[in-house]
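Participant: Supplied in structure tokens, the structure appears directly below.
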Amino acid sequence: MLLIEQISTALQNPKRILTGDDQAERKRHALSLRTRVIESRRFYANEDVSRSAARLGLDNPDILMGMLRNARLPFEKVWIEWHNRAHIEETGDDVADDAPEKIGAFIQRIDEDKPIYRMNICGMDGKGYGVAESPLSYIWNAYEPIEDILAIPDTKFICDLMKPVWDEITPSSEVMPERMIRISCLGSAYSRALRGLTSNTVDLSGEENEPDYGVADHYIEQTNQFSNHFTIVLNPALRKWLRNATNHLELRKYIARDLIESAGTVRYVVSLLAMINQGDYISREPSVRPSHKRMMGNRLVPYLDHWTVTMKVPRKIAEQKIRHAYAERASTEMPRQEIIGHWKQRHNTGDPNCEHVFVPKTHNHEHCALCGRFRWHVKEYMRGNAEIGFVTKDRLLVEAK
Ligand SMILES: [Zn+2]
């Protein structure tokens with residue numbers, strides 16, 4: 001059974017709503033959820049897609065940027081559910097015994113002009129009885145960074161509330177609250193993956209004429225740019241309740257737990273959406289609708305149409321193709337400077353069998369977004385090629401820098 005069907009059934013009984021202090025608050029929340037269940041176009045990512053999204057979502061930041069551009073909603077309001085345990089397994093974390101099989105998110109576009117989206121994570125508790133929706137909403141802009149997130153009242157509220165916790169985690173450092181917000185959007189699995197990516201970078205001692213530059217710097221810079229597209233606010237359906245809470249110690253615990261549990265989910269969902277939008281290798285099959293209503297226990301409930309998202313080709317191949325497509329996207333969307341000369345590759349980096357997609361870092365350094373192969377541009381004067389007289393002007397411009 002789909003998770004959204006389980007949720008929809010549970011919503012008929014306010015006792016099964018796990019948020020809110022009192023009956024009235026739970027009823028309000030149930031109403032908001034019921035409305036969204038009906039209004040959203042519903043998607044179910046099968047296990048293969050759930051796993052690949054996890055792997056692609058931990059890929060290098062060039063590919064993440066490529067996916068972010070494509071992490072747009074096929075409809076204004078969408079519900080998407082995926083295999084949570086499979087997702088956790090792929091990130092290399094232990095799967096807790098009570099981790100729910102599936103998790104989903106309500107996502108909607110919140111700006112008429114810009115591709116800005118808000119996401120809310122929702123699921124059933126481990127016993128499959130209660131409905132829990134995250135008190136936090138994740139927001140991203142697919143095209144531009146979100147500047148000055150502390151000017152957003154909800155983000156500021158979360159930062160002020162969480163400050164004592166964050167001060168405890170990083171006592172001596174000067175980690176800014178906005179950094180903590182952005183890091184929560186990336187998640188700890190991504191921090192681990194990034195450490196892996198940046199420690200595998202090249203040893204700079206080998207060849208002559210090598211620039212003093214590592215792929216690591218590029219990855220860290222790209223990761224920061226990627227995370228600047230996100231912020232966290234309060235779930236609008238619960239905002240009033242959260243804002244009016246008088247016991248801030250309890251509220252802080254509640255939000256802290258949710259931040260830990262949901263950290264990185266928005267990055268994962270970006271990867272899922274990018275896959276759903278990848279029509280070449282991914283298919284979206286509409287469900288067959290037997291009737292407008294169906295029996296659930298002894299009740300008649302509306303039948304929930306949905307799309308099942310599957311792969312058209314074997315998983316490994318789909319993953320490889322999609323990585324390639326997004327790496328290419330990242331490479332073509334960055335300005336490339338034309339300099340006459342030639343590229344020199346560092347052959348002890350990356351994968352020799354890769355069809356490289358080089359992404360520029362500066363005017364004369366590039367690396368492959370797929371395997372990390374590193375190459376740099378050798379200017380004419382460096383190899384003493386006097387024949388190409390017309391590059392003089394270019395060369396002067398480059399040298400003047
Ligand atoms: Zn490559």
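As shown in the structure tokens, the chain order sets the letters A, B, ...; within each chain, residues go from 1, and ligands are also counted from 1 in the order they appear.
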Find the spatial neighbours of Glu133 (chain A), counting only C-alpha atoms, within a cut-off of 12 Å - ignore same-chain residues fewer than 5 positions away - and output them as a ChimeraX atom specification.
Facilitator: /A:7,11,16-20,26,29-30,32-33,103-106,119-125,234-238,258,261-262
Participant: Given a cut-off of 7 Å, what residues near ligand 1 show up using only C-alpha atoms and all ligand atoms, put as a list of chain:residue names?
Facilitator: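 Using only C-alpha atoms and all ligand atoms, everything at most 7 Å from ligand 1 comes to A:Gly350, A:Asp351, A:Cys354, A:Glu355, A:His356, A:Val357, A:Cys368, A:Ala369, A:Leu370, A:Cys371, A:Gly372, A:Arg373.
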Participant: I need the chosen residues saved as an mmCIF file, in the first residue's frame, with C-alpha atoms.
Facilitator:
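Output below, filename again_4.cif:
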```
data_model
loop_
_atom_site.group_PDB
_atom_site.id
_atom_site.type_symbol
_atom_site.label_atom_id
_atom_site.label_comp_id
_atom_site.auth_asym_id
_atom_site.auth_seq_id
_atom_site.Cartn_x
_atom_site.Cartn_y
_atom_site.Cartn_z
ATOM 1 C CA GLY A 350 40.304 10.091 -12.136
ATOM 2 C CA ASP A 351 39.205 7.105 -14.130
ATOM 3 C CA CYS A 354 35.619 7.764 -18.144
ATOM 4 C CA GLU A 355 34.145 9.886 -20.941
ATOM 5 C CA HIS A 356 35.221 13.036 -19.176
ATOM 6 C CA VAL A 357 33.039 16.082 -18.789
ATOM 7 C CA CYS A 368 36.021 16.116 -14.756
ATOM 8 C CA ALA A 369 32.688 16.301 -12.960
ATOM 9 C CA LEU A 370 32.342 12.524 -13.218
ATOM 10 C CA CYS A 371 35.650 11.075 -12.101
ATOM 11 C CA GLY A 372 37.697 14.035 -10.900
ATOM 12 C CA ARG A 373 40.330 13.832 -13.676
#
```
Participant: With the cut-off set at 9 Å and counting only C-alpha atoms, tabulate each residue of region 78-189 of chain A with an atom at most that distance from an atom of region 242-256 of chain A, showing the nearest atom pair and its distance in Å to one decimal, ordered by chain and increasing number, as CSV.
Facilitator:
```
residue,atom,partner,partner_atom,distance
A:Ser134,CA,A:Ile255,CA,8.9
A:Pro135,CA,A:Ile255,CA,7.1
A:Leu136,CA,A:Ile255,CA,7.7
A:Phe157,CA,A:Arg243,CA,8.6
A:Ile158,CA,A:Ile255,CA,8.3
A:Leu161,CA,A:Arg252,CA,6.3
A:Met162,CA,A:Arg252,CA,6.4
A:Val165,CA,A:Ala256,CA,8.0
```
Participant: Report as a ChimeraX atom specification all protein, DNA and RNA residues lying within 10 Å of Gly126 (chain A), evaluated on only C-alpha atoms, omitting residues in the same chain fewer than 6 positions from it.
Facilitator: /A:96-101
Participant: Kindly indicate which residue among A:Lys316, A:Trp79, A:Thr91, A:Ala263 lies nearest to Thr35 (chain A), using only C-alpha atoms for the distances.
Facilitator: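 Closest candidate: A:Trp79.
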Participant: Just to confirm, what's the straight-line distance from CA of Asn84 (chain A) to CA of Ser184 (chain A) in Å (one decimal)?
Facilitator: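 Value for the CA of Asn84 (chain A)-CA of Ser184 (chain A) distance: 18.1 Å.
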Participant: Just the residues within 12 Å of Gly279 (chain A), please, counting only C-alpha atoms, with nothing from its chain fewer than 3 positions along; format it as a count of residues only.
Facilitator: 19
Participant: Could you list, as a list in words, every residue within 7 Å of region 185-199 of chain A, counting only C-alpha atoms and ignoring same-chain residues fewer than 5 positions away?
Facilitator: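 Here the answer would be Leu58, Thr91, Val215, Ala216, Ser227, Phe230, Ala263, Gly264, Val266 and Arg267 of chain A.
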Participant: Now that the selection is made, can you save its residues with N, CA and C atoms as a CSV table (one decimal), in the first residue's frame?
Facilitator:
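Okay, again_32.csv is ready:
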```
chain,number,residue,atom,x,y,z
A,58,LEU,N,24.6,12.0,-3.2
A,58,LEU,CA,25.9,12.1,-2.5
A,58,LEU,C,27.0,12.3,-3.5
A,91,THR,N,23.2,5.4,2.0
A,91,THR,CA,24.1,6.4,2.5
A,91,THR,C,25.2,5.9,3.4
A,215,VAL,N,41.6,19.9,-6.4
A,215,VAL,CA,40.1,19.7,-6.6
A,215,VAL,C,39.3,20.0,-5.4
A,216,ALA,N,40.0,19.8,-4.2
A,216,ALA,CA,39.3,20.0,-2.9
A,216,ALA,C,38.7,21.4,-2.8
A,227,SER,N,24.8,24.8,-1.2
A,227,SER,CA,24.0,24.9,0.0
A,227,SER,C,23.4,26.3,0.2
A,230,PHE,N,19.5,27.0,-0.2
A,230,PHE,CA,18.5,26.4,0.7
A,230,PHE,C,18.3,27.2,2.0
A,263,ALA,N,17.9,16.0,8.5
A,263,ALA,CA,19.1,16.6,7.8
A,263,ALA,C,19.4,15.9,6.6
A,264,GLY,N,19.6,16.6,5.5
A,264,GLY,CA,20.0,16.0,4.2
A,264,GLY,C,18.8,15.5,3.4
A,266,VAL,N,16.4,17.2,2.2
A,266,VAL,CA,16.1,18.1,1.1
A,266,VAL,C,17.1,17.9,-0.1
A,267,ARG,N,18.3,17.6,0.2
A,267,ARG,CA,19.3,17.3,-0.8
A,267,ARG,C,18.9,16.0,-1.5
```
Participant: Go through A:Val131, A:Met1, A:Met67, A:Ile38 one by one, measure the shortest atom-to-atom distance of each to His324 (chain A) using only C-alpha atoms, and give the residue with the smallest value.
Facilitator: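 Using only C-alpha atoms, His324 (chain A) sits closest to A:Met67.
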Participant: Given only C-alpha atoms as the basis, pick out the residue of A:His87, A:Arg41, A:His229, A:Arg375 nearest to Tyr117 (chain A).
Facilitator: A:His229
